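J.: Got a structure for you, upload-v2.cif, holding mmCIF, C-alpha atoms; chains and numbers go by the auth columns.
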data_entry
loop_
_atom_site.group_PDB
_atom_site.id
_atom_site.type_symbol
_atom_site.label_atom_id
_atom_site.label_comp_id
_atom_site.label_asym_id
_atom_site.label_seq_id
_atom_site.Cartn_x
_atom_site.Cartn_y
_atom_site.Cartn_z
_atom_site.B_iso_or_equiv
_atom_site.auth_seq_id
_atom_site.auth_asym_id
ATOM 1 C CA MET A 1 8.362 -0.487 27.729 0.00 655 A
ATOM 2 C CA SER A 2 8.426 -2.813 24.731 0.00 656 A
ATOM 3 C CA ARG A 3 8.850 -1.454 21.246 0.00 657 A
ATOM 4 C CA ARG A 4 5.811 -1.219 19.032 0.00 658 A
ATOM 5 C CA LYS A 5 5.683 -3.691 16.162 0.00 659 A
ATOM 6 C CA LEU A 6 5.558 -2.922 12.438 0.00 660 A
ATOM 7 C CA LEU A 7 5.012 -5.538 9.737 0.00 661 A
ATOM 8 C CA VAL A 8 6.212 -4.421 6.300 0.00 662 A
ATOM 9 C CA ILE A 9 4.156 -6.186 3.631 0.00 663 A
ATOM 10 C CA VAL A 10 5.875 -6.598 0.262 0.00 664 A
ATOM 11 C CA PRO A 11 3.464 -7.969 -2.390 0.00 665 A
ATOM 12 C CA CYS A 12 5.499 -9.533 -5.191 0.00 666 A
ATOM 13 C CA LEU A 13 4.911 -11.067 -8.589 0.00 667 A
ATOM 14 C CA ASN A 14 8.112 -12.152 -10.333 0.00 668 A
ATOM 15 C CA GLU A 15 10.294 -9.548 -8.609 0.00 669 A
ATOM 16 C CA GLU A 16 13.525 -11.556 -8.305 0.00 670 A
ATOM 17 C CA GLU A 17 15.406 -8.769 -10.090 0.00 671 A
ATOM 18 C CA ALA A 18 14.365 -5.948 -7.741 0.00 672 A
ATOM 19 C CA LEU A 19 13.842 -7.865 -4.494 0.00 673 A
ATOM 20 C CA PRO A 20 17.459 -8.296 -3.282 0.00 674 A
ATOM 21 C CA ARG A 21 18.130 -4.549 -3.313 0.00 675 A
ATOM 22 C CA LEU A 22 14.781 -3.845 -1.659 0.00 676 A
ATOM 23 C CA LEU A 23 15.511 -6.327 1.138 0.00 677 A
ATOM 24 C CA ASP A 24 18.936 -4.739 1.659 0.00 678 A
ATOM 25 C CA ARG A 25 17.261 -1.366 2.068 0.00 679 A
ATOM 26 C CA LEU A 26 14.657 -2.796 4.427 0.00 680 A
ATOM 27 C CA ASP A 27 17.456 -4.217 6.588 0.00 681 A
ATOM 28 C CA ARG A 28 18.998 -0.759 6.805 0.00 682 A
ATOM 29 C CA ALA A 29 15.637 0.820 7.602 0.00 683 A
ATOM 30 C CA ALA A 30 15.059 -1.726 10.373 0.00 684 A
ATOM 31 C CA ALA A 31 18.440 -0.871 11.874 0.00 685 A
ATOM 32 C CA THR A 32 17.730 2.861 11.713 0.00 686 A
ATOM 33 C CA LEU A 33 14.301 2.480 13.316 0.00 687 A
ATOM 34 C CA ARG A 34 15.210 -0.177 15.880 0.00 688 A
ATOM 35 C CA ASP A 35 14.866 2.222 18.822 0.00 689 A
ATOM 36 C CA ARG A 36 11.326 3.099 17.713 0.00 690 A
ATOM 37 C CA VAL A 37 9.849 -0.109 16.320 0.00 691 A
ATOM 38 C CA GLN A 38 10.416 -3.789 15.800 0.00 692 A
ATOM 39 C CA LEU A 39 10.321 -4.028 12.006 0.00 693 A
ATOM 40 C CA ASP A 40 9.504 -7.408 10.472 0.00 694 A
ATOM 41 C CA VAL A 41 9.269 -8.137 6.745 0.00 695 A
ATOM 42 C CA LEU A 42 6.613 -10.282 5.068 0.00 696 A
ATOM 43 C CA VAL A 43 7.002 -11.049 1.364 0.00 697 A
ATOM 44 C CA VAL A 44 3.679 -12.145 -0.136 0.00 698 A
ATOM 45 C CA ASP A 45 4.468 -14.126 -3.276 0.00 699 A
ATOM 46 C CA ASP A 46 1.451 -13.748 -5.561 0.00 700 A
ATOM 47 C CA GLY A 47 2.049 -16.829 -7.701 0.00 701 A
ATOM 48 C CA SER A 48 5.525 -15.947 -8.983 0.00 702 A
ATOM 49 C CA VAL A 49 7.199 -18.342 -11.415 0.00 703 A
ATOM 50 C CA ASP A 50 10.706 -17.026 -10.766 0.00 704 A
ATOM 51 C CA GLY A 51 12.910 -17.114 -7.679 0.00 705 A
ATOM 52 C CA THR A 52 11.060 -14.456 -5.671 0.00 706 A
ATOM 53 C CA ALA A 53 10.109 -16.719 -2.745 0.00 707 A
ATOM 54 C CA ALA A 54 13.512 -18.418 -2.582 0.00 708 A
ATOM 55 C CA ILE A 55 15.325 -15.076 -2.483 0.00 709 A
ATOM 56 C CA ALA A 56 13.067 -13.796 0.296 0.00 710 A
ATOM 57 C CA ARG A 57 13.544 -16.926 2.406 0.00 711 A
ATOM 58 C CA ALA A 58 17.301 -16.903 1.902 0.00 712 A
ATOM 59 C CA ARG A 59 17.378 -13.346 3.223 0.00 713 A
ATOM 60 C CA GLY A 60 15.406 -14.253 6.344 0.00 714 A
ATOM 61 C CA ALA A 61 12.116 -12.615 5.406 0.00 715 A
ATOM 62 C CA ARG A 62 8.837 -14.228 6.320 0.00 716 A
ATOM 63 C CA VAL A 63 7.126 -15.544 3.176 0.00 717 A
ATOM 64 C CA ALA A 64 3.457 -16.176 2.411 0.00 718 A
ATOM 65 C CA ARG A 65 2.889 -17.902 -0.931 0.00 719 A
ATOM 66 C CA LEU A 66 -0.427 -17.691 -2.737 0.00 720 A
ATOM 67 C CA SER A 67 -1.277 -20.795 -4.748 0.00 721 A
ATOM 68 C CA HIS A 68 -1.615 -18.777 -7.949 0.00 722 A
ATOM 69 C CA ASN A 69 -1.741 -15.177 -9.119 0.00 723 A
ATOM 70 C CA LEU A 70 -4.714 -13.619 -7.284 0.00 724 A
ATOM 71 C CA GLY A 71 -3.741 -9.966 -7.741 0.00 725 A
ATOM 72 C CA ILE A 72 -2.291 -7.286 -5.508 0.00 726 A
ATOM 73 C CA GLY A 73 -5.501 -6.877 -3.504 0.00 727 A
ATOM 74 C CA ALA A 74 -5.415 -10.491 -2.342 0.00 728 A
ATOM 75 C CA ALA A 75 -1.686 -10.268 -1.654 0.00 729 A
ATOM 76 C CA VAL A 76 -2.035 -7.139 0.467 0.00 730 A
ATOM 77 C CA GLN A 77 -5.023 -8.490 2.397 0.00 731 A
ATOM 78 C CA THR A 78 -3.042 -11.646 3.169 0.00 732 A
ATOM 79 C CA GLY A 79 -0.434 -9.466 4.837 0.00 733 A
ATOM 80 C CA LEU A 80 -2.960 -7.254 6.614 0.00 734 A
ATOM 81 C CA ARG A 81 -4.710 -10.296 8.064 0.00 735 A
ATOM 82 C CA LEU A 82 -1.448 -11.683 9.400 0.00 736 A
ATOM 83 C CA ALA A 83 -0.585 -8.303 10.920 0.00 737 A
ATOM 84 C CA ALA A 84 -4.000 -8.019 12.597 0.00 738 A
ATOM 85 C CA ARG A 85 -3.976 -11.555 13.957 0.00 739 A
ATOM 86 C CA ASP A 86 -0.352 -11.461 15.128 0.00 740 A
ATOM 87 C CA GLY A 87 -0.897 -8.301 17.168 0.00 741 A
ATOM 88 C CA TYR A 88 1.128 -5.787 15.167 0.00 742 A
ATOM 89 C CA ASP A 89 0.630 -2.118 15.941 0.00 743 A
ATOM 90 C CA TRP A 90 0.970 -1.212 12.264 0.00 744 A
ATOM 91 C CA ALA A 91 1.432 -2.708 8.853 0.00 745 A
ATOM 92 C CA ALA A 92 3.140 -0.896 6.005 0.00 746 A
ATOM 93 C CA GLN A 93 2.696 -1.717 2.334 0.00 747 A
ATOM 94 C CA ILE A 94 5.752 -1.382 0.103 0.00 748 A
ATOM 95 C CA ASP A 95 5.754 -2.408 -3.552 0.00 749 A
ATOM 96 C CA GLY A 96 8.167 -5.159 -4.512 0.00 750 A
ATOM 97 C CA ASP A 97 9.438 -3.296 -7.585 0.00 751 A
ATOM 98 C CA GLY A 98 11.566 -0.860 -5.580 0.00 752 A
ATOM 99 C CA GLN A 99 9.536 2.318 -6.145 0.00 753 A
ATOM 100 C CA HIS A 100 8.976 2.897 -2.423 0.00 754 A
ATOM 101 C CA PRO A 101 12.244 3.658 -0.585 0.00 755 A
ATOM 102 C CA PRO A 102 12.181 1.925 2.830 0.00 756 A
ATOM 103 C CA ASP A 103 13.970 4.848 4.469 0.00 757 A
ATOM 104 C CA GLU A 104 10.792 6.881 3.825 0.00 758 A
ATOM 105 C CA LEU A 105 8.949 4.675 6.331 0.00 759 A
ATOM 106 C CA ALA A 106 10.166 7.051 9.030 0.00 760 A
ATOM 107 C CA LYS A 107 8.008 9.810 7.507 0.00 761 A
ATOM 108 C CA LEU A 108 4.897 7.654 7.778 0.00 762 A
ATOM 109 C CA LEU A 109 5.677 6.807 11.402 0.00 763 A
ATOM 110 C CA ASP A 110 6.358 10.482 12.141 0.00 764 A
ATOM 111 C CA ALA A 111 2.965 11.379 10.659 0.00 765 A
ATOM 112 C CA TYR A 112 1.300 8.829 12.921 0.00 766 A
ATOM 113 C CA ASP A 113 2.863 10.441 15.987 0.00 767 A
ATOM 114 C CA THR A 114 2.282 14.066 14.948 0.00 768 A
ATOM 115 C CA HIS A 115 -1.237 13.830 13.465 0.00 769 A
ATOM 116 C CA GLY A 116 -3.067 12.214 16.373 0.00 770 A
ATOM 117 C CA ALA A 117 -2.603 8.530 15.461 0.00 771 A
ATOM 118 C CA PRO A 118 -4.580 8.421 12.180 0.00 772 A
ATOM 119 C CA ASP A 119 -5.886 5.060 11.024 0.00 773 A
ATOM 120 C CA LEU A 120 -4.354 5.197 7.551 0.00 774 A
ATOM 121 C CA ILE A 121 -1.396 7.193 6.253 0.00 775 A
ATOM 122 C CA ILE A 122 -0.720 7.512 2.517 0.00 776 A
ATOM 123 C CA GLY A 123 2.705 8.329 1.147 0.00 777 A
ATOM 124 C CA SER A 124 2.117 10.808 -1.681 0.00 778 A
ATOM 125 C CA ARG A 125 4.172 11.653 -4.763 0.00 779 A
ATOM 126 C CA PHE A 126 2.255 14.813 -5.526 0.00 780 A
ATOM 127 C CA LEU A 127 1.898 17.001 -2.425 0.00 781 A
ATOM 128 C CA GLU A 128 5.187 18.742 -3.207 0.00 782 A
ATOM 129 C CA ARG A 129 5.927 17.158 -6.615 0.00 783 A
ATOM 130 C CA VAL A 130 9.387 15.812 -5.863 0.00 784 A
ATOM 131 C CA GLY A 131 10.982 12.545 -6.917 0.00 785 A
ATOM 132 C CA PHE A 132 9.458 10.169 -9.465 0.00 786 A
ATOM 133 C CA GLN A 133 6.146 11.585 -10.761 0.00 787 A
ATOM 134 C CA SER A 134 4.853 8.923 -13.197 0.00 788 A
ATOM 135 C CA THR A 135 3.721 9.710 -16.762 0.00 789 A
ATOM 136 C CA ARG A 136 1.550 12.688 -17.682 0.00 790 A
ATOM 137 C CA LEU A 137 -1.359 10.456 -18.737 0.00 791 A
ATOM 138 C CA ARG A 138 -1.235 8.642 -15.421 0.00 792 A
ATOM 139 C CA ARG A 139 -1.140 11.898 -13.499 0.00 793 A
ATOM 140 C CA VAL A 140 -4.273 13.079 -15.307 0.00 794 A
ATOM 141 C CA GLY A 141 -6.009 9.815 -14.423 0.00 795 A
ATOM 142 C CA ILE A 142 -4.878 10.024 -10.807 0.00 796 A
ATOM 143 C CA GLY A 143 -6.255 13.554 -10.596 0.00 797 A
ATOM 144 C CA TRP A 144 -9.586 12.277 -11.899 0.00 798 A
ATOM 145 C CA LEU A 145 -9.729 9.546 -9.239 0.00 799 A
ATOM 146 C CA SER A 146 -8.862 12.113 -6.591 0.00 800 A
ATOM 147 C CA PHE A 147 -11.807 14.210 -7.777 0.00 801 A
ATOM 148 C CA LEU A 148 -14.168 11.205 -7.632 0.00 802 A
ATOM 149 C CA LEU A 149 -13.098 10.321 -4.094 0.00 803 A
ATOM 150 C CA ARG A 150 -13.679 13.895 -2.989 0.00 804 A
ATOM 151 C CA LEU A 151 -17.049 14.051 -4.755 0.00 805 A
ATOM 152 C CA PHE A 152 -18.512 10.707 -3.712 0.00 806 A
ATOM 153 C CA ALA A 153 -16.694 9.853 -0.474 0.00 807 A
ATOM 154 C CA GLY A 154 -15.655 13.248 0.887 0.00 808 A
ATOM 155 C CA ILE A 155 -12.000 12.173 0.971 0.00 809 A
ATOM 156 C CA LYS A 156 -9.272 14.650 0.042 0.00 810 A
ATOM 157 C CA VAL A 157 -6.277 12.686 -1.241 0.00 811 A
ATOM 158 C CA VAL A 158 -4.061 13.849 -4.100 0.00 812 A
ATOM 159 C CA ASP A 159 -2.378 10.470 -4.720 0.00 813 A
ATOM 160 C CA PRO A 160 -5.131 7.834 -4.364 0.00 814 A
ATOM 161 C CA THR A 161 -3.242 5.173 -6.333 0.00 815 A
ATOM 162 C CA SER A 162 -0.200 5.244 -4.061 0.00 816 A
ATOM 163 C CA GLY A 163 0.549 1.817 -2.630 0.00 817 A
ATOM 164 C CA PHE A 164 2.956 3.208 -0.030 0.00 818 A
ATOM 165 C CA ARG A 165 0.836 3.151 3.121 0.00 819 A
ATOM 166 C CA LEU A 166 0.841 2.710 6.879 0.00 820 A
ATOM 167 C CA PHE A 167 -2.153 0.969 8.451 0.00 821 A
ATOM 168 C CA GLY A 168 -3.030 1.450 12.122 0.00 822 A
ATOM 169 C CA ARG A 169 -4.918 -1.087 14.198 0.00 823 A
ATOM 170 C CA ARG A 170 -8.403 0.119 13.247 0.00 824 A
ATOM 171 C CA ALA A 171 -7.483 -0.121 9.568 0.00 825 A
ATOM 172 C CA LEU A 172 -6.035 -3.598 10.130 0.00 826 A
ATOM 173 C CA GLN A 173 -9.265 -4.730 11.761 0.00 827 A
ATOM 174 C CA LEU A 174 -11.386 -3.273 8.952 0.00 828 A
ATOM 175 C CA PHE A 175 -9.319 -4.675 6.096 0.00 829 A
ATOM 176 C CA ASP A 176 -8.988 -8.054 7.792 0.00 830 A
ATOM 177 C CA GLU A 177 -12.701 -8.395 7.045 0.00 831 A
ATOM 178 C CA VAL A 178 -13.074 -6.561 3.734 0.00 832 A
ATOM 179 C CA TYR A 179 -10.503 -5.444 1.184 0.00 833 A
ATOM 180 C CA PRO A 180 -11.015 -4.769 -2.532 0.00 834 A
ATOM 181 C CA TYR A 181 -9.274 -7.071 -4.978 0.00 835 A
ATOM 182 C CA ASP A 182 -9.914 -5.359 -8.316 0.00 836 A
ATOM 183 C CA TYR A 183 -8.591 -1.806 -7.774 0.00 837 A
ATOM 184 C CA PRO A 184 -7.427 -1.900 -4.164 0.00 838 A
ATOM 185 C CA GLU A 185 -5.615 1.417 -3.746 0.00 839 A
ATOM 186 C CA PRO A 186 -8.453 3.883 -4.526 0.00 840 A
ATOM 187 C CA GLU A 187 -11.267 1.537 -3.481 0.00 841 A
ATOM 188 C CA SER A 188 -9.729 0.884 -0.062 0.00 842 A
ATOM 189 C CA LEU A 189 -9.717 4.641 0.573 0.00 843 A
ATOM 190 C CA ALA A 190 -13.431 4.780 -0.185 0.00 844 A
ATOM 191 C CA ILE A 191 -14.066 1.856 2.184 0.00 845 A
ATOM 192 C CA ALA A 192 -11.966 3.491 4.901 0.00 846 A
ATOM 193 C CA GLY A 193 -13.828 6.774 4.516 0.00 847 A
ATOM 194 C CA ALA A 194 -17.230 5.092 4.622 0.00 848 A
ATOM 195 C CA ALA A 195 -16.172 3.256 7.799 0.00 849 A
ATOM 196 C CA GLY A 196 -15.205 6.517 9.486 0.00 850 A
ATOM 197 C CA LEU A 197 -11.463 5.917 9.570 0.00 851 A
ATOM 198 C CA THR A 198 -9.111 8.896 9.731 0.00 852 A
ATOM 199 C CA LEU A 199 -6.705 9.426 6.817 0.00 853 A
ATOM 200 C CA VAL A 200 -3.577 11.536 6.485 0.00 854 A
ATOM 201 C CA GLU A 201 -1.411 12.075 3.409 0.00 855 A
ATOM 202 C CA VAL A 202 2.295 12.927 3.643 0.00 856 A
ATOM 203 C CA GLN A 203 4.891 13.752 1.015 0.00 857 A
ATOM 204 C CA VAL A 204 7.390 10.991 0.258 0.00 858 A
ATOM 205 C CA HIS A 205 10.089 10.513 -2.339 0.00 859 A
ATOM 206 C CA MET A 206 9.465 7.695 -4.810 0.00 860 A
ATOM 207 C CA GLU A 207 11.722 6.154 -7.431 0.00 861 A
ATOM 208 C CA PRO A 208 11.291 4.505 -10.846 0.00 862 A
ATOM 209 C CA ARG A 209 10.723 0.754 -10.609 0.00 863 A
ATOM 210 C CA GLN A 210 13.971 -1.198 -10.228 0.00 864 A
ATOM 211 C CA GLY A 211 13.053 -4.178 -12.366 0.00 865 A
ATOM 212 C CA GLY A 212 10.388 -5.683 -14.621 0.00 866 A
ATOM 213 C CA LEU A 213 7.672 -3.782 -16.463 0.00 867 A
ATOM 214 C CA SER A 214 4.466 -2.109 -15.367 0.00 868 A
ATOM 215 C CA SER A 215 1.283 -3.872 -16.470 0.00 869 A
ATOM 216 C CA ILE A 216 -0.482 -0.520 -17.001 0.00 870 A
ATOM 217 C CA PHE A 217 0.854 1.653 -19.806 0.00 871 A
ATOM 218 C CA GLY A 218 -0.250 3.488 -22.953 0.00 872 A
ATOM 219 C CA LEU A 219 -3.953 3.129 -23.737 0.00 873 A
ATOM 220 C CA ARG A 220 -4.283 0.671 -20.858 0.00 874 A
ATOM 221 C CA VAL A 221 -4.066 3.658 -18.523 0.00 875 A
ATOM 222 C CA ALA A 222 -7.291 5.135 -19.943 0.00 876 A
ATOM 223 C CA HIS A 223 -9.054 1.759 -19.773 0.00 877 A
ATOM 224 C CA TYR A 224 -7.833 1.247 -16.204 0.00 878 A
ATOM 225 C CA MET A 225 -9.086 4.665 -15.110 0.00 879 A
ATOM 226 C CA LEU A 226 -12.515 4.071 -16.664 0.00 880 A
ATOM 227 C CA CYS A 227 -12.881 0.726 -14.895 0.00 881 A
ATOM 228 C CA VAL A 228 -11.656 2.167 -11.600 0.00 882 A
ATOM 229 C CA SER A 229 -14.090 5.084 -11.854 0.00 883 A
ATOM 230 C CA ILE A 230 -17.078 2.774 -12.243 0.00 884 A
ATOM 231 C CA SER A 231 -15.872 0.428 -9.519 0.00 885 A
ATOM 232 C CA LEU A 232 -15.162 3.325 -7.174 0.00 886 A
ATOM 233 C CA MET A 233 -18.671 4.728 -7.452 0.00 887 A
ATOM 234 C CA LEU A 234 -20.167 1.282 -6.817 0.00 888 A
ATOM 235 C CA THR A 235 -17.879 0.724 -3.829 0.00 889 A
ATOM 236 C CA VAL A 236 -18.832 4.036 -2.217 0.00 890 A
ATOM 237 C CA SER A 237 -22.529 3.330 -2.760 0.00 891 A
ATOM 238 C CA ARG A 238 -22.350 -0.191 -1.287 0.00 892 A
ATOM 239 C CA HIS A 239 -20.431 0.768 1.832 0.00 893 A
ATOM 240 C CA LEU A 240 -22.494 3.855 2.571 0.00 894 A
ATOM 241 C CA GLU A 241 -25.621 1.681 2.386 0.00 895 A
ATOM 242 C CA ARG A 242 -24.065 -0.806 4.836 0.00 896 A
ATOM 243 C CA ARG A 243 -23.137 1.986 7.221 0.00 897 A
ATOM 244 C CA GLU A 244 -26.673 3.377 7.183 0.00 898 A
ATOM 245 C CA ALA A 245 -28.315 -0.057 7.581 0.00 899 A
#
When written as structure tokens, how does the structure in this file appear?

T.:
Amino acid sequence: MSRRKLLVIVPCLNEEEALPRLLDRLDRAAATLRDRVQLDVLVVDDGSVDGTAAIARARGARVARLSHNLGIGAAVQTGLRLAARDGYDWAAQIDGDGQHPPDELAKLLDAYDTHGAPDLIIGSRFLERVGFQSTRLRRVGIGWLSFLLRLFAGIKVVDPTSGFRLFGRRALQLFDEVYPYDYPEPESLAIAGAAGLTLVEVQVHMEPRQGGLSSIFGLRVAHYMLCVSISLMLTVSRHLERREA
């Protein structure tokens, strides 16, 4: 029986500082999991102006380069489309800044096997509150988004902004066709819920970013959460209308 196939999608924008260590850790994860899955790595270069793509190619990773910076939603959907069309059993999303330890992929795969093959598995920072927890202001905002998802979409997720995820085949097929570009992490959960996909959340250990700076900090967090809240309500409304049509 052939091994099932997993494509690890690494969306990157100017991550030449963090990428080498991340690729080293992905190599080790692939070796550890080789009896369970064939793990391939796809680096999606979202218009980087540094050596991100060259580093990825030199290390043997598959590289998809976007012509310019389109945002993380476009980068992730690029990877999900390739995974769907190349016949992968799963795709995993791992941030290029090093916050998502590749050795935690095993927990997502375990959850798939023990929870009845859910369509989407989210790696959470907050189920047991271990590892890197983000700033207090961000945690308040994340709690607010969790409340909105529960209220408007009936989805119970405590870490809706987590980008550490495992997508099954049904999720790959859905997001091949539609994936949010503006605020992809929480909006994609609303889309998945409206489409009837099954979701599971598991505790994972996350780390502080290994290089570069976050684009969302200080008062930008409050502005981001306001924009996401409005967008989230519109997304839920649109997709529920499509489902009922």

J.: Using the chain letters and residue numbers of this document, give as a ChimeraX atom specification the residues selected by the PyMOL selection byres ((chain A and resi 751-767) around 8).

T.: /A:666,669,672-673,675-676,679-680,682-683,687,748-750,768-772,775-777,818-820,854,856,858-866

J.: What lies within 9 Å of region 839-851 of chain A using all atoms listed in the file, ignoring chain neighbours under 4 positions off, as an NGL selection string?

T.: :A and (727 or 772-774 or 799-800 or 803 or 806-809 or 811 or 813-817 or 824-825 or 828-829 or 832-835 or 882 or 885-887 or 889-890 or 893-894 or 897)

J.: What is the distance between CA of Leu720 (chain A) and CA of Leu667 (chain A), in Å to one decimal?

T.: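 That distance, rounded to one decimal, is 10.3 Å.
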
J.: So that I can see what lies close to region 691-696 of chain A, please list as a list in words the residues with an atom at most 7 Å from it, counting all atoms listed in the file and leaving out residues fewer than 3 positions away in the same chain.

T.: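 Returned residues: Arg657, Arg658, Lys659, Leu660, Leu661, Val662, Ile663, Val664, Ala684, Leu687, Arg688, Ala715, Arg716 and Val717 of chain A.
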
J.: Can you measure CA of Tyr742 (chain A) to CA of Arg711 (chain A) for me? One decimal in Å is fine.

T.: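 Computed distance, CA of Tyr742 (chain A) to CA of Arg711 (chain A), equals 21.0 Å.
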
J.: For a test of reading the model, state the distance in Å between CA of Gly714 (chain A) and CA of Val697 (chain A), rounded to one decimal.

T.: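 Spanning CA of Gly714 (chain A) to CA of Val697 (chain A) is a straight-line distance of 10.3 Å.
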
J.: Could you name the residues that touch Arg719 (chain A) at 12 Å or less, counting only C-alpha atoms, but leaving out those on the same chain fewer than 6 positions away, as a ChimeraX atom specification?

T.: /A:664-667,696-703,706-708,710-711,728-730,732-733

J.: Selection in question (the file shown): the PyMOL selection byres ((chain A and resi 795) around 9). Which residues does it include, as a ChimeraX atom specification?

T.: /A:790-794,796-800,875-876,878-880

J.: Output region 874-888 of chain A with N, CA and C atoms present, as a CSV table (one decimal), keeping the file's coordinate frame.

T.:
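Output file rebuild10.csv follows:
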chain,number,residue,atom,x,y,z
A,874,ARG,N,-3.8,1.4,-22.0
A,874,ARG,CA,-4.3,0.7,-20.9
A,874,ARG,C,-4.6,1.6,-19.7
A,875,VAL,N,-3.8,2.7,-19.6
A,875,VAL,CA,-4.1,3.7,-18.5
A,875,VAL,C,-5.5,4.2,-18.6
A,876,ALA,N,-5.9,4.6,-19.8
A,876,ALA,CA,-7.3,5.1,-19.9
A,876,ALA,C,-8.3,4.1,-19.6
A,877,HIS,N,-8.1,2.8,-20.1
A,877,HIS,CA,-9.1,1.8,-19.8
A,877,HIS,C,-9.1,1.5,-18.3
A,878,TYR,N,-7.9,1.5,-17.6
A,878,TYR,CA,-7.8,1.2,-16.2
A,878,TYR,C,-8.6,2.3,-15.4
A,879,MET,N,-8.4,3.6,-15.8
A,879,MET,CA,-9.1,4.7,-15.1
A,879,MET,C,-10.6,4.6,-15.3
A,880,LEU,N,-11.1,4.2,-16.5
A,880,LEU,CA,-12.5,4.1,-16.7
A,880,LEU,C,-13.1,3.0,-15.8
A,881,CYS,N,-12.4,1.8,-15.7
A,881,CYS,CA,-12.9,0.7,-14.9
A,881,CYS,C,-12.8,1.1,-13.4
A,882,VAL,N,-11.8,1.8,-13.0
A,882,VAL,CA,-11.7,2.2,-11.6
A,882,VAL,C,-12.8,3.2,-11.2
A,883,SER,N,-13.1,4.1,-12.1
A,883,SER,CA,-14.1,5.1,-11.9
A,883,SER,C,-15.4,4.4,-11.6
A,884,ILE,N,-15.8,3.5,-12.4
A,884,ILE,CA,-17.1,2.8,-12.2
A,884,ILE,C,-17.1,2.0,-10.9
A,885,SER,N,-16.0,1.2,-10.7
A,885,SER,CA,-15.9,0.4,-9.5
A,885,SER,C,-15.9,1.3,-8.3
A,886,LEU,N,-15.2,2.4,-8.3
A,886,LEU,CA,-15.2,3.3,-7.2
A,886,LEU,C,-16.5,3.8,-6.8
A,887,MET,N,-17.3,4.2,-7.8
A,887,MET,CA,-18.7,4.7,-7.5
A,887,MET,C,-19.5,3.6,-6.9
A,888,LEU,N,-19.4,2.4,-7.4
A,888,LEU,CA,-20.2,1.3,-6.8
A,888,LEU,C,-19.7,1.0,-5.4
